[in-house]
>>> print(open('coords.cif').read())   # mmCIF, C-alpha atoms
data_run
loop_
_atom_site.label_atom_id
_atom_site.label_comp_id
_atom_site.auth_asym_id
_atom_site.auth_seq_id
_atom_site.Cartn_x
_atom_site.Cartn_y
_atom_site.Cartn_z
CA GLY A 1 78.49 94.60 101.58
CA ALA A 2 81.61 96.74 101.83
CA ASP A 3 83.90 97.63 98.95
CA THR A 4 87.23 99.42 98.81
CA ASP A 5 89.46 100.34 95.89
CA TRP A 6 92.61 102.25 95.04
CA VAL A 7 93.73 103.42 91.58
CA TRP A 8 96.83 105.08 90.27
CA GLY A 9 95.31 107.84 88.17
CA ASP A 10 98.08 110.09 86.90
CA MET A 11 95.34 112.30 85.40
CA ASP A 12 95.69 116.04 84.98
CA GLU A 13 93.64 119.02 83.93
CA SER A 14 94.80 122.53 83.16
CA ASP A 15 93.13 125.87 82.57
CA LYS A 16 94.51 129.04 80.97
CA HIS A 17 92.94 132.50 80.67
CA SER A 18 94.09 135.84 79.31
CA VAL A 19 94.19 138.77 81.74
CA THR A 20 94.68 142.53 81.56
CA TYR A 21 96.61 143.99 84.49
CA ASN A 22 95.85 147.37 86.13
CA ASP A 23 98.65 149.03 84.12
CA GLY A 24 97.09 147.91 80.82
CA GLN A 25 99.60 145.11 80.18
CA THR A 26 98.27 141.73 79.13
CA GLY A 27 99.24 138.31 80.34
CA SER A 28 97.76 135.04 81.39
CA PHE A 29 97.13 132.87 84.38
CA GLN A 30 97.43 129.11 84.30
CA GLY A 31 96.14 126.57 86.76
CA LYS A 32 96.79 122.86 86.83
CA LEU A 33 95.50 119.90 88.86
CA LYS A 34 97.14 116.49 88.78
CA GLU A 35 95.62 113.46 90.51
CA GLN A 36 98.37 111.09 91.62
CA TRP A 37 96.07 108.40 93.03
CA ALA A 38 92.53 107.96 94.33
CA GLY A 39 90.52 105.46 96.32
CA SER A 40 87.29 104.92 98.18
CA THR A 41 85.64 102.82 100.85
CA ARG A 42 81.93 102.33 100.25
CA ALA A 43 78.86 100.41 101.27
CA ARG A 44 77.15 98.57 98.40
CA ILE A 45 73.52 97.52 98.30
CA GLY A 46 72.31 95.28 95.49
CA TYR A 47 69.95 92.53 94.55
CA ALA A 48 71.23 89.37 92.83
CA VAL A 49 69.23 87.94 89.94
CA ASP A 50 70.84 84.73 88.67
CA ARG A 51 74.45 85.79 87.87
CA TRP A 52 73.65 89.54 87.63
CA MET A 53 73.66 91.98 90.54
CA PRO A 54 72.69 95.63 89.98
CA TYR A 55 73.70 97.84 92.91
CA ILE A 56 74.11 101.33 94.31
CA ALA A 57 77.08 102.32 96.43
CA GLY A 58 78.25 105.30 98.46
CA GLY A 59 80.91 106.23 100.96
CA VAL A 60 84.14 108.11 101.57
CA ALA A 61 86.67 108.94 98.84
CA TYR A 62 90.27 110.12 99.04
CA ALA A 63 92.79 111.35 96.49
CA LYS A 64 96.33 112.75 96.33
CA VAL A 65 96.13 115.93 94.24
CA ASP A 66 98.87 118.35 93.18
CA SER A 67 97.76 121.87 92.25
CA SER A 68 99.59 124.86 90.84
CA TYR A 69 98.85 128.42 89.74
CA ARG A 70 101.04 130.81 87.75
CA MET A 71 100.61 134.37 86.46
CA LYS A 72 102.59 135.20 83.31
CA ASP A 73 103.35 138.49 81.61
CA SER A 74 102.90 139.22 77.88
CA ALA A 75 106.36 137.73 77.18
CA GLY A 76 105.33 134.45 78.80
CA LYS A 77 107.53 134.87 81.88
CA VAL A 78 106.20 134.08 85.35
CA VAL A 79 105.40 137.28 87.28
CA PRO A 80 107.64 137.28 90.41
CA GLY A 81 105.70 136.42 93.55
CA PHE A 82 102.65 135.22 91.61
CA SER A 83 103.05 131.47 91.45
CA ALA A 84 102.11 128.78 93.91
CA SER A 85 101.86 125.03 94.11
CA ASP A 86 100.71 122.58 96.72
CA SER A 87 100.11 118.88 97.22
CA ASP A 88 97.30 117.61 99.39
CA THR A 89 95.34 114.47 100.19
CA LEU A 90 91.69 115.38 99.71
CA VAL A 91 88.83 113.55 101.42
CA GLY A 92 85.27 113.68 100.12
CA TRP A 93 82.26 111.55 99.30
CA THR A 94 81.25 109.32 96.40
CA ILE A 95 78.05 107.75 95.11
CA GLY A 96 77.47 105.47 92.16
CA ALA A 97 75.56 102.64 90.54
CA GLY A 98 76.55 99.63 88.51
CA PHE A 99 76.26 95.91 88.08
CA ASP A 100 78.30 92.79 88.68
CA TYR A 101 78.18 89.71 86.48
CA ALA A 102 79.51 86.45 87.97
CA MET A 103 81.35 84.65 85.18
CA THR A 104 82.23 81.86 87.64
CA ASP A 105 81.72 81.40 91.37
CA HIS A 106 84.95 83.38 91.95
CA ILE A 107 85.44 85.71 88.95
CA VAL A 108 83.17 88.75 88.68
CA LEU A 109 82.98 91.38 85.91
CA ARG A 110 81.91 94.87 86.99
CA ALA A 111 80.74 98.07 85.27
CA GLU A 112 79.96 101.20 87.26
CA TYR A 113 79.33 104.94 87.05
CA ARG A 114 80.66 106.97 89.99
CA TYR A 115 80.37 110.65 91.00
CA THR A 116 82.91 111.91 93.54
CA ASP A 117 83.01 115.31 95.23
CA PHE A 118 86.12 116.33 97.18
CA GLY A 119 84.72 119.79 98.00
CA ASP A 120 86.93 122.83 97.65
CA GLU A 121 90.14 123.91 99.34
CA ASP A 122 91.51 127.44 99.65
CA TYR A 123 95.28 127.82 99.37
CA SER A 124 97.45 130.85 100.05
CA LYS A 125 101.11 130.74 99.12
CA ASN A 126 103.68 133.21 97.73
CA ASN A 127 101.19 136.14 97.69
CA VAL A 128 98.75 134.04 95.66
CA LYS A 129 95.36 132.88 96.85
CA TYR A 130 93.60 130.22 94.85
CA ASN A 131 90.78 127.73 95.24
CA VAL A 132 90.66 124.10 94.14
CA ASP A 133 87.17 122.65 93.60
CA TYR A 134 87.64 118.99 92.65
CA LYS A 135 84.86 116.70 91.42
CA THR A 136 85.05 113.64 89.17
CA ASN A 137 82.68 111.60 87.02
CA ASP A 138 84.01 108.12 86.26
CA PHE A 139 82.84 105.13 84.31
CA ARG A 140 84.76 102.08 85.50
CA VAL A 141 85.02 98.49 84.36
CA GLY A 142 86.86 95.79 86.19
CA VAL A 143 87.39 92.22 87.18
CA ALA A 144 87.19 91.03 90.79
CA TYR A 145 88.09 87.78 92.47
CA LYS A 146 85.86 86.56 95.31
CA PHE A 147 87.57 84.48 98.00
#
>>> encode(input="coords.cif", output="structure tokens")
Amino acid sequence: GADTDWVWGDMDESDKHSVTYNDGQTGSFQGKLKEQWAGSTRARIGYAVDRWMPYIAGGVAYAKVDSSYRMKDSAGKVVPGFSASDSDTLVGWTIGAGFDYAMTDHIVLRAEYRYTDFGDEDYSKNNVKYNVDYKTNDFRVGVAYKF
């Protein structure tokens, strides 16, 4: 069958590295990704055994992601012209496997592992070029109601 979901994630990840500039000065660059929300629409194929149904699923995924990049000098101040940020809705693919357990004829418990790949995007803003390569690994549990 078909399955669709949407989650408010509010997850973020940041990265920071030290750098040495051409003039010998030191500093750092910082990058940050923040997922505002994510969702997917997938096809699921499974085989029911009594109240259990193991399945595999795959389809299209989408997410609203904010990204930013900043270069800082040794005093911790942002280097003029070397910061950028953007917000984008990414579209990619997802695949996963899990199982449903029917507690009643209408209430279903679910556990699932899902890999999602949104590919990579190149951004260029304020003299800064940066690349966002966004992939997720999720383990999800949930409750569903069947109409």
>>> resolve_selection(input="coords.cif", expression="the PyMOL selection byres ((chain A and resi 30) around 12)", output="list in words")
Glu13, Ser14, Asp15, Lys16, His17, Ser18, Val19, Gly27, Ser28, Phe29, Gly31, Lys32, Leu33, Ser67, Ser68, Tyr69, Arg70, Met71, Lys72, Asp73, Gly76, Lys77, Val78, Val79, Phe82, Ser83, Ala84, Ser85 and Tyr130 of chain A
>>> closest_residue(input="coords.cif", among="A:Gln25, A:Ser74, A:Gln36, A:Thr41", to="A:Trp8", atoms="all atoms listed in the file")
A:Gln36
>>> atom_distance(input="coords.cif", atom1="atom CA of A:Tyr145", atom2="atom CA of A:Leu109")
9.1 Å
>>> atom_distance(input="coords.cif", atom1="atom CA of A:Tyr115", atom2="atom CA of A:Ile45")
16.5 Å
>>> closest_residue(input="coords.cif", among="A:Arg42, A:Lys129, A:Arg51, A:Arg114", to="A:Val141", atoms="all atoms listed in the file")
A:Arg114
>>> resolve_selection(input="coords.cif", expression="the PyMOL selection byres ((chain A and resi 95) around 12)", output="PyMOL selection string")
chain A and resi 40-45+55-61+92-94+96-98+112-118+135-138
>>> atom_distance(input="coords.cif", atom1="atom CA of A:Phe139", atom2="atom CA of A:Gly1")
20.7 Å
>>> axis_aligned_box(input="coords.cif", around="stretch 66-69 of chain A", padding_each_side="5 Å", output="AutoDock Vina command-line options")
--center_x 98.7 --center_y 123.4 --center_z 91.5 --size_x 11.8 --size_y 20.1 --size_z 13.4
>>> closest_residue(input="coords.cif", among="A:Tyr134, A:Ala2, A:Val7, A:Tyr21", to="A:Gly119", atoms="only C-alpha atoms")
A:Tyr134
>>> closest_residue(input="coords.cif", among="A:Asp100, A:Asp23, A:Asp105, A:Asp12", to="A:Lys64", atoms="only C-alpha atoms")
A:Asp12
>>> closest_residue(input="coords.cif", among="A:Val108, A:Asn131, A:Trp6, A:Gly39", to="A:Val91", atoms="all atoms listed in the file")
A:Gly39
>>> closest_residue(input="coords.cif", among="A:Thr104, A:Asp122, A:Arg140, A:Glu35", to="A:Trp52", atoms="only C-alpha atoms")
A:Thr104
>>> resolve_selection(input="coords.cif", expression="the PyMOL selection byres ((chain A and resi 146) around 7)", output="ChimeraX atom specification")
/A:106-107,144-145,147
>>> residues_around(input="coords.cif", residues="A:Lys34", least_positions_apart="3", cutoff="6 Å", atoms="only C-alpha atoms", output="ChimeraX atom specification")
/A:11-12,65-66
>>> decode(input="coords.cif", residues="stretch 34-52 of chain A", atoms="N, CA, C and O atoms", output="compact mmCIF listing (two decimals), in the first residue's frame")
# COMPACT_ATOMS: atom_id res chain seq x y z
N LYS A 34 20.00 22.90 9.92
CA LYS A 34 18.87 22.75 10.82
C LYS A 34 17.67 22.27 10.01
O LYS A 34 17.26 22.93 9.07
N GLU A 35 17.16 21.10 10.36
CA GLU A 35 15.98 20.55 9.69
C GLU A 35 14.73 21.07 10.40
O GLU A 35 14.54 20.81 11.58
N GLN A 36 13.91 21.82 9.69
CA GLN A 36 12.68 22.36 10.27
C GLN A 36 11.58 21.29 10.30
O GLN A 36 10.88 21.16 11.28
N TRP A 37 11.42 20.60 9.18
CA TRP A 37 10.43 19.53 9.08
C TRP A 37 10.85 18.58 7.97
O TRP A 37 11.70 18.91 7.15
N ALA A 38 10.25 17.40 7.97
CA ALA A 38 10.55 16.40 6.93
C ALA A 38 9.32 15.54 6.72
O ALA A 38 8.45 15.42 7.58
N GLY A 39 9.26 14.91 5.56
CA GLY A 39 8.15 14.01 5.26
C GLY A 39 8.52 13.09 4.12
O GLY A 39 9.58 13.22 3.51
N SER A 40 7.63 12.15 3.85
CA SER A 40 7.87 11.23 2.74
C SER A 40 6.54 10.67 2.25
O SER A 40 5.54 10.66 2.96
N THR A 41 6.56 10.20 1.02
CA THR A 41 5.46 9.45 0.44
C THR A 41 6.08 8.20 -0.17
O THR A 41 6.98 8.31 -1.00
N ARG A 42 5.62 7.03 0.31
CA ARG A 42 6.31 5.79 -0.04
C ARG A 42 5.33 4.68 -0.39
O ARG A 42 4.18 4.71 0.02
N ALA A 43 5.83 3.72 -1.11
CA ALA A 43 5.11 2.47 -1.34
C ALA A 43 5.63 1.46 -0.32
O ALA A 43 6.83 1.39 -0.07
N ARG A 44 4.71 0.71 0.29
CA ARG A 44 5.09 -0.32 1.26
C ARG A 44 4.66 -1.68 0.76
O ARG A 44 3.55 -1.84 0.27
N ILE A 45 5.56 -2.65 0.90
CA ILE A 45 5.25 -4.02 0.53
C ILE A 45 5.54 -4.90 1.74
O ILE A 45 6.66 -4.86 2.28
N GLY A 46 4.54 -5.64 2.19
CA GLY A 46 4.72 -6.49 3.36
C GLY A 46 3.89 -7.75 3.26
O GLY A 46 3.09 -7.93 2.33
N TYR A 47 4.09 -8.61 4.24
CA TYR A 47 3.34 -9.86 4.28
C TYR A 47 2.83 -10.04 5.71
O TYR A 47 3.61 -10.11 6.65
N ALA A 48 1.50 -10.09 5.86
CA ALA A 48 0.88 -10.21 7.19
C ALA A 48 0.90 -11.66 7.67
O ALA A 48 0.55 -12.59 6.94
N VAL A 49 1.34 -11.82 8.92
CA VAL A 49 1.32 -13.11 9.60
C VAL A 49 0.63 -12.87 10.92
O VAL A 49 1.18 -12.22 11.82
N ASP A 50 -0.61 -13.35 11.03
CA ASP A 50 -1.45 -13.10 12.20
C ASP A 50 -1.57 -11.59 12.38
O ASP A 50 -2.04 -10.91 11.50
N ARG A 51 -1.12 -11.03 13.49
CA ARG A 51 -1.23 -9.58 13.73
C ARG A 51 0.07 -8.83 13.41
O ARG A 51 0.16 -7.63 13.59
N TRP A 52 1.09 -9.54 12.93
CA TRP A 52 2.37 -8.94 12.58
C TRP A 52 2.47 -8.75 11.07
O TRP A 52 2.00 -9.58 10.31
